[in-house]
Each structure stands twice: as structure tokens, then as C-alpha cells.
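Novice: Handing you a structure now.
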Amino acid sequence: MPSPLSRRGALAALVLTAGCAPRIEPASSGIRLPALFSRGTPAATPPVAMQWPDAAWWQAFGAPPLDALMRAAMDGNLDLAAATARVRQADAQVRISGAALLPSLDGDLSGGRSRSGSRNPGTAGRAENSFGATMSASYEVDFWGRNRAALEAARSSAQAARYAVGVTALSTQSAVANALFSVLGAREQLEIQRGNLEVATRNLGILRNRIAAGTATGLDVAQQETVVAQQRAAIPPLQQSADQNLLALGTLTGTNPGDMAVETLRIAAVRVPEVPAGLPSEVLARRPDVQLAEANLLTANANVAAARAALFPTIALTARGGVSATALDLLLRPGSTLYSLAAGLTAPIFDGGALRAQVDQFRARQEELLATYQRAILAALQETEANLSALRWNTELVELQRARVAAAQRAYDIAEAQLRAGTVDLLTVLNVQTSLFSARTALAQAQTSRLQAVAALFTALGGGWSLDATAATPSGGSGPWGGPAAGGSPTP
């Protein structure tokens, strides 16, 4: 029989071995963040904390059609519905993984009757009744932390599913805003194009009157007819663009695309809200795609720990107890009781290298997700910088295009008056007319691009998204992608 000293030594060795159990590594990207966005706040301005956009950031545009579409998308978008269902699946997996840390208990009730034949002719066989009630319990001692690591992996996956809802919500909001502004821009250009066509047609009428008076030639009329045809041919592509984006809004809002309708709104009537850039670290803490990549990396780290723990022995405890008798009235007597207790240790000896290969597999997956996490951070910084730049230059472009339109309009008014008076040649009028048409279209395009850049910047900064673990149903401005504060922050 081993001495108490040897037993204590064995226990100490076991505790020391347990101290070497695999640990879950934290998620860290190793990327050094810049202090400020280079295309955001000027260097002379001291950095300020980010004033996060409201959950309903689109209301800052002052566009009722956009508000209605966003509400419809948050309630009816099918991608959001699927992402929310995946959250419930992940939550169920957490409960399944957590059950491995608890004992399992099973109950059994049995009753039966058997009859055996007799070897002696004329003698009745023997009949017996049997009744029993047993309970059995089993418990795996999670000595090496394998089940705990699996539970942490499931929890990280559930968190990742919530971040995925935020990613889907922001991408949906961005797509809705972009599609609506494309519709408004196409309609604006359609109106401009019809105005251009009207002007070109009016000039054609002037030339036809002049040819009747002998002050214009057939070539002049043919040239203007070409301009009229060009302006008329530019209308169908714009109508197609408006229709395509309108149909896309139907899909984004979960409605029949053919039934989609958007009220008329001049693109110049849409406000251009100011969006503070904030600090890079705050943006990363706000963006659900970065949080998603971090949660996936944490899941991989936990899976590596679980795979390493599977290399160690498994300790299982089992117990079984109950009663058994040949009659129901005998079940409660002391002699009918039965029980068994057992403890077992199972250690992998030879598995063809499967467990080691599983560790290698999860480590490779860990390296993949680390690279994905790093790329998500760089992509978030790049996207924010790019949208800051786009907003800055598109704002300047709009002002320049407005000045261009004003100058082109003045030149055209003079040229048209001189054309009526017959004091200017047609080539000059055509050049001025073409410049005006081009300037009007360019202004509408610049206005559309600026609105799209603002919307893209809102979503690049994380919008008004926050993690709300208690919400699981899309509801405009609330739920997993709405609310006042951001969730956890990444570890860059």
C-alpha cells in the first residue's frame, strides 16, 4: 500500500501537470495604429474623441424617402433575418457545449415477465416477473480544460454571430442609401437631359425658321438635328439606371421589387451632414467587421487549446443505483437495492497521429484568422481614409461644378440671344450649348457622388451600430445594430 508521502507526491505531480494545461491565447493583431486619420482632422487641430453617429444616422440627411426605406430594410431585409437566425443557432451551440461541463443523469424504469419451458412432460414451465428502477450518473472531469476551451470557442462563435448581424445591418444600410441616391441622381440627370433636349429642340426650330428666311443652311439644321438626337439617346440609359436601383431597393427592403416606389425628391434638397472622423482606435472599436474578425480569432485560439487538451488523458466518473425485484411490493425492501461506482482514465496511445494533426489543423486555422483580423483592421483604416478623401474632394467638386454651370448658363444665354439676332455662327452656339449640357450633368453626378460619399463614411465609421446581446429581432434603429454605445474594443 503506498505511503501518504507517495500519495502526496503523486497529487503534487498531478497538480503541476494540470498547470501545464493548454491556455487560450488572447486575440492580438500586432498592428500599430496611427494617431489620426491623415485625411480627416487637420494636423493643427488637436485630436478629439469621436462623436459617434446616431443609430439612425440616415436621418441627418433630412430625406423622408430615405427614412422610410431604412425602416423597411431594418424590418424586412432577408439577409438580416438569416443573420439573426444564425445568432440563435450559435446561442444553442453555447448551451450544448456548456452541458459537457455538467454531470449527466439518466433514469430507467423497467418491467417484464418471462417464462421458461420445463424438461419434464406435463409440468408447467416457470414464469417470473421482474421490476426495476435505476438512475445512472456520469461526469467527465475537465482536468485539462478541453471542455472549457470548447465552451469558450462556442461563446466566441456566438459573439461573432452577433457581430455578423452588425456587419449585415451596416452593409444593408449603406446599400439602401447608395441605391436611393443613385435613383435620385438618375432622376435629376433625366430632368436635366429632358431640359437639354428641350433647349436643343428649340434651337432646331430657330434654325429651321432661319433656313426658311435664307439666313441658315441645310448643314446648320443637320448639325442641330444631330445634337437633338444625341440628347434624346441619352435618356434611356438614365431611365434604366433609375429602374435598376429602384428594383434593388425592393430586394433590400424585403418587398416585391416590381412594387417598389420612391417619392420624388430633388437631390439638391438632401442635406449634407457633417461627419467627424474621430480617432482610428475608436473606429476599430466601433466597426462590427473588425469585431467579427477578432471574435473569429478568439474562437480559433480556443479551438487550438481544446485540440491540445485532447492529447491528455480523460478522467470519467460514473455511478449507478436503484432497485430490482421480482414483484412490485418487494422494490422498497432493503434487499432489492443495487449500486455501482466507477472511475476510469482513458489515455490516447496510438491514433495514427490524428490528434496531433488536429492540433496542426487548428493552428493553421488560427494563423489564417490572424491574417484575416489584420486585414480587417487595415481595410477599415483604408476605407475610412478613402471615404474621408472622397467626401473632401467631392464637396470641392460640387462647388466647382456649380460655378461651371453658372458660367456656362451665362454664356449660353448670350449665345442664344445672338443666334436669334443672327449675329453669331452656329458652331459657336453648338459649342456653348454642349458645354452647358455637360456642366449640368456633371453637377448632378458630383452631387450624387458627394451624398454617397457621406453615407459611405457613416458606415465606414461604424454608423450607430452597437452590440446588444439581449436583442435578436430586427427593428429599425434598435436591436443588435442599434443603441447608444459600442461594444468591446479590439486588441490591435
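Identifiers for the C-alpha cells are assigned positionally: chains receive A, B, ... in sequence, residues are indexed from 1 per chain, and ligands are indexed from 1 in the order shown.
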Skipping near chain neighbours, those fewer than 5 positions away, what residues fall within 10 Å of A:Leu197 using only C-alpha atoms, listed as number ranges by chain?

Specialist: A: 191-192, 202-203, 227-235, 437

Novice: Take the residues from that selection and write them out as a compact mmCIF listing (two decimals), in the first residue's frame, keeping N, CA and C atoms.

Specialist:
```txt
# COMPACT_ATOMS: atom_id res chain seq x y z
N GLU A 191 -34.11 64.72 -65.61
CA GLU A 191 -34.76 66.02 -65.73
C GLU A 191 -33.86 67.01 -66.49
N ILE A 192 -32.57 66.96 -66.17
CA ILE A 192 -31.62 67.82 -66.88
C ILE A 192 -31.57 67.46 -68.36
N ARG A 202 -35.56 73.54 -79.29
CA ARG A 202 -35.92 74.94 -79.53
C ARG A 202 -34.94 75.59 -80.51
N ASN A 203 -33.66 75.29 -80.32
CA ASN A 203 -32.66 75.84 -81.25
C ASN A 203 -32.84 75.29 -82.67
N VAL A 227 -27.48 67.01 -82.69
CA VAL A 227 -27.46 67.32 -81.25
C VAL A 227 -28.76 66.87 -80.59
N VAL A 228 -29.88 67.12 -81.23
CA VAL A 228 -31.18 66.70 -80.68
C VAL A 228 -31.22 65.19 -80.52
N ALA A 229 -30.74 64.48 -81.54
CA ALA A 229 -30.75 63.01 -81.47
C ALA A 229 -29.84 62.52 -80.35
N GLN A 230 -28.69 63.16 -80.16
CA GLN A 230 -27.79 62.77 -79.08
C GLN A 230 -28.44 62.96 -77.71
N GLN A 231 -29.10 64.08 -77.54
CA GLN A 231 -29.74 64.35 -76.25
C GLN A 231 -30.90 63.38 -75.99
N ARG A 232 -31.62 63.04 -77.04
CA ARG A 232 -32.72 62.09 -76.88
C ARG A 232 -32.19 60.68 -76.57
N ALA A 233 -31.04 60.30 -77.18
CA ALA A 233 -30.48 58.96 -76.96
C ALA A 233 -29.89 58.81 -75.56
N ALA A 234 -29.60 59.91 -74.89
CA ALA A 234 -29.03 59.82 -73.54
C ALA A 234 -30.09 59.55 -72.48
N ILE A 235 -31.36 59.62 -72.81
CA ILE A 235 -32.42 59.44 -71.82
C ILE A 235 -32.62 57.98 -71.40
N PHE A 437 -24.79 71.68 -71.41
CA PHE A 437 -25.35 70.36 -71.16
C PHE A 437 -24.40 69.52 -70.31
```

Novice: Report as a Markdown table: every residue of stretch 105-208 of chain A with an atom at most 12 Å from stretch 244-260 of chain A, its closest pair of atoms, and their distance in Å to one decimal, counting only C-alpha atoms, with rows sorted by chain and ascending residue number.

Specialist:
```
| residue | atom | partner | partner_atom | distance |
| --- | --- | --- | --- | --- |
| A:Thr168 | CA | A:Leu252 | CA | 11.2 |
| A:Ala169 | CA | A:Leu252 | CA | 10.7 |
| A:Ser171 | CA | A:Leu252 | CA | 10.3 |
| A:Thr172 | CA | A:Leu252 | CA | 6.9 |
| A:Gln173 | CA | A:Leu252 | CA | 8.9 |
| A:Ser174 | CA | A:Leu252 | CA | 10.5 |
| A:Ala175 | CA | A:Leu252 | CA | 7.8 |
| A:Val176 | CA | A:Leu249 | CA | 6.3 |
| A:Ala177 | CA | A:Leu249 | CA | 9.3 |
| A:Asn178 | CA | A:Asn245 | CA | 8.9 |
| A:Ala179 | CA | A:Asn245 | CA | 5.3 |
| A:Leu180 | CA | A:Asn245 | CA | 7.1 |
| A:Phe181 | CA | A:Asn245 | CA | 9.1 |
| A:Ser182 | CA | A:Asn245 | CA | 6.7 |
| A:Val183 | CA | A:Asn245 | CA | 5.9 |
| A:Leu184 | CA | A:Asn245 | CA | 9.7 |
| A:Gly185 | CA | A:Asn245 | CA | 10.6 |
| A:Ala186 | CA | A:Asn245 | CA | 9.3 |
| A:Arg187 | CA | A:Leu246 | CA | 11.1 |
```

Novice: Go through A:Thr423, A:Thr434, A:Gln291, A:Thr346 one by one, measure the shortest atom-to-atom distance of each to A:Val167 using only C-alpha atoms, and give the residue with the smallest value.

Specialist: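 Of all the options, A:Gln291 lies closest to A:Val167.
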
Novice: Counting only C-alpha atoms, what is within 8 Å of A:Gly98, bar same-chain residues fewer than 4 positions away, as a VMD selection string?

Specialist: chain A and resid 94 102 147 to 148 151

Novice: Produce a file of the selected residues containing N, CA and C atoms, as a PDB file, in the first residue's frame.

Specialist:
```pdb
ATOM      1  N   VAL A  94     -23.805  27.185 -27.703  1.00  0.00           N
ATOM      2  CA  VAL A  94     -23.188  27.507 -26.411  1.00  0.00           C
ATOM      3  C   VAL A  94     -23.782  26.639 -25.312  1.00  0.00           C
ATOM      4  N   LEU A 102     -21.163  19.709 -17.098  1.00  0.00           N
ATOM      5  CA  LEU A 102     -22.073  19.284 -16.037  1.00  0.00           C
ATOM      6  C   LEU A 102     -22.249  17.770 -16.065  1.00  0.00           C
ATOM      7  N   ASN A 147     -13.084  20.807 -22.270  1.00  0.00           N
ATOM      8  CA  ASN A 147     -14.488  21.206 -22.389  1.00  0.00           C
ATOM      9  C   ASN A 147     -14.664  22.704 -22.160  1.00  0.00           C
ATOM     10  N   ARG A 148     -13.869  23.256 -21.243  1.00  0.00           N
ATOM     11  CA  ARG A 148     -13.955  24.703 -21.033  1.00  0.00           C
ATOM     12  C   ARG A 148     -13.495  25.459 -22.281  1.00  0.00           C
ATOM     13  N   LEU A 151     -16.225  25.361 -24.749  1.00  0.00           N
ATOM     14  CA  LEU A 151     -17.276  26.313 -24.392  1.00  0.00           C
ATOM     15  C   LEU A 151     -16.873  27.732 -24.773  1.00  0.00           C
TER      16      LEU A 151
END
```

Novice: When you count only C-alpha atoms, which of these residues is closest to A:Arg420: A:Gly166, A:Pro103, A:Gly205, A:Gly111?

Specialist: A:Gly205

Novice: Give the answer as one residue: which of A:Ala408, A:Ala100, A:Ile349, A:Ala137 has the shortest atom-to-atom distance to A:Asn431, using only C-alpha atoms?

Specialist: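 Counting only C-alpha atoms, the residue closest to A:Asn431 is A:Ala408.
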
Novice: Quick one: DSSP helix (DSSP H, G or I) residues in stretch 254-350 of chain A, as a PyMOL selection string?

Specialist: chain A and resi 257-259+267-269+280-286+288-309+328-330+334-336

Novice: Looking only at the backbone, which of the residues in stretch 238-399 of chain A does DSSP tag as strand (DSSP E), as a PyMOL selection string?

Specialist: chain A and resi 314-325+337-346

Novice: Could you save those same residues with C-alpha atoms as a CSV table (one decimal), in the first residue's frame?

Specialist:
```csv
chain,number,residue,atom,x,y,z
A,314,THR,CA,-9.7,11.7,-19.9
A,315,ILE,CA,-11.0,11.1,-16.4
A,316,ALA,CA,-14.6,9.9,-16.1
A,317,LEU,CA,-16.7,9.1,-13.0
A,318,THR,CA,-19.8,7.0,-13.2
A,319,ALA,CA,-22.4,5.9,-10.7
A,320,ARG,CA,-25.5,3.8,-10.9
A,321,GLY,CA,-28.1,2.9,-8.3
A,322,GLY,CA,-31.6,1.6,-8.0
A,323,VAL,CA,-33.8,-1.2,-7.0
A,324,SER,CA,-34.7,-4.5,-8.6
A,325,ALA,CA,-37.2,-7.2,-7.6
A,337,THR,CA,-31.2,-2.1,-3.8
A,338,LEU,CA,-28.2,-2.2,-6.1
A,339,TYR,CA,-25.5,0.3,-6.9
A,340,SER,CA,-22.1,0.6,-8.6
A,341,LEU,CA,-19.4,3.3,-8.6
A,342,ALA,CA,-16.5,3.5,-11.1
A,343,ALA,CA,-13.8,5.8,-12.1
A,344,GLY,CA,-11.9,5.5,-15.4
A,345,LEU,CA,-8.9,7.1,-17.0
A,346,THR,CA,-8.6,6.9,-20.8
```

Novice: Can you work out the spacing between atom CA of A:Val221 and atom CA of A:Gln239 in Å, to one decimal?

Specialist: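 For atom CA of A:Val221 relative to atom CA of A:Gln239, the distance reads 28.2 Å.
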
Novice: Enter the distance from atom CA of A:Thr372 to atom CA of A:Ala300, in Å, rounded to one decimal.

Specialist: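 Result for atom CA of A:Thr372 versus atom CA of A:Ala300: 11.9 Å, one decimal.
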
Novice: So what do you get for atom CA of A:Ala453 versus atom CA of A:Asn394, distance-wise?

Specialist: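 Separation between atom CA of A:Ala453 and atom CA of A:Asn394: 7.9 Å.
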
Novice: Fewer than 6 positions away in the same chain doesn't count, so skip those; otherwise give me all residues within 9 Å of A:Arg115, counting only C-alpha atoms, as an mmCIF file with C-alpha atoms, in the first residue's frame.

Specialist:
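The resulting file, part_36.cif, is shown below:
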```
data_model
loop_
_atom_site.group_PDB
_atom_site.id
_atom_site.type_symbol
_atom_site.label_atom_id
_atom_site.label_comp_id
_atom_site.auth_asym_id
_atom_site.auth_seq_id
_atom_site.Cartn_x
_atom_site.Cartn_y
_atom_site.Cartn_z
ATOM 1 C CA GLY A 125 -42.858 -24.029 -17.172
ATOM 2 C CA ARG A 126 -41.586 -21.465 -14.738
ATOM 3 C CA ALA A 127 -42.812 -17.869 -15.030
ATOM 4 C CA GLU A 128 -41.056 -14.863 -13.490
ATOM 5 C CA ASN A 129 -41.764 -11.186 -13.165
#
```

Novice: Return the single residue from A:Ala406, A:Ile206, A:Leu436, A:Leu297 that is closest to A:Gln418, with distances computed using only C-alpha atoms.

Specialist: A:Ile206

Novice: Can you tell me, as a list in words, what residues are no more than 10 Å from A:Ser438 when counting only C-alpha atoms, ignoring any on the same chain fewer than 3 positions away?

Specialist: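 Result of the neighbour search: Gln193, Asn196, Arg404, Val405, Ala408, Val432, Gln433, Thr434, Ser435, Thr441, Ala442 and Leu443 of chain A.
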
Novice: Name all residues at most 12 Å from A:Gln358 (count only C-alpha atoms; drop same-chain ones fewer than 3 positions away) and give them as a short mmCIF file (atom, residue, chain, number, x, y, z; two decimals) with C-alpha atoms, in the first residue's frame.

Specialist:
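Written file, out.cif:
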```
data_model
loop_
_atom_site.label_atom_id
_atom_site.label_comp_id
_atom_site.auth_asym_id
_atom_site.auth_seq_id
_atom_site.Cartn_x
_atom_site.Cartn_y
_atom_site.Cartn_z
CA ASN A 303 -10.13 25.51 -30.61
CA VAL A 304 -6.34 25.18 -30.50
CA ALA A 305 -6.46 24.91 -26.71
CA ALA A 306 -9.21 22.27 -26.91
CA ALA A 307 -7.27 20.27 -29.51
CA ARG A 308 -4.12 20.33 -27.36
CA ALA A 309 -6.11 19.24 -24.30
CA ALA A 310 -7.42 16.25 -26.26
CA LEU A 311 -3.86 14.86 -26.21
CA ASP A 351 -4.38 7.04 -33.14
CA GLY A 352 -2.27 7.29 -36.26
CA GLY A 353 -1.37 10.90 -35.48
CA ALA A 354 -4.97 12.12 -35.79
CA LEU A 355 -4.93 14.19 -32.59
CA GLN A 361 -5.07 21.94 -38.39
CA PHE A 362 -6.43 24.34 -35.78
CA ARG A 363 -3.09 26.16 -35.56
CA ALA A 364 -3.14 26.72 -39.32
CA ARG A 365 -6.72 27.97 -39.00
#
```

Novice: Pick from A:Ala149, A:Asp425, A:Leu461, A:Asn296: nearest to A:Leu370, with only C-alpha atoms counted?

Specialist: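 Using only C-alpha atoms, the shortest distance to A:Leu370 belongs to A:Asn296.
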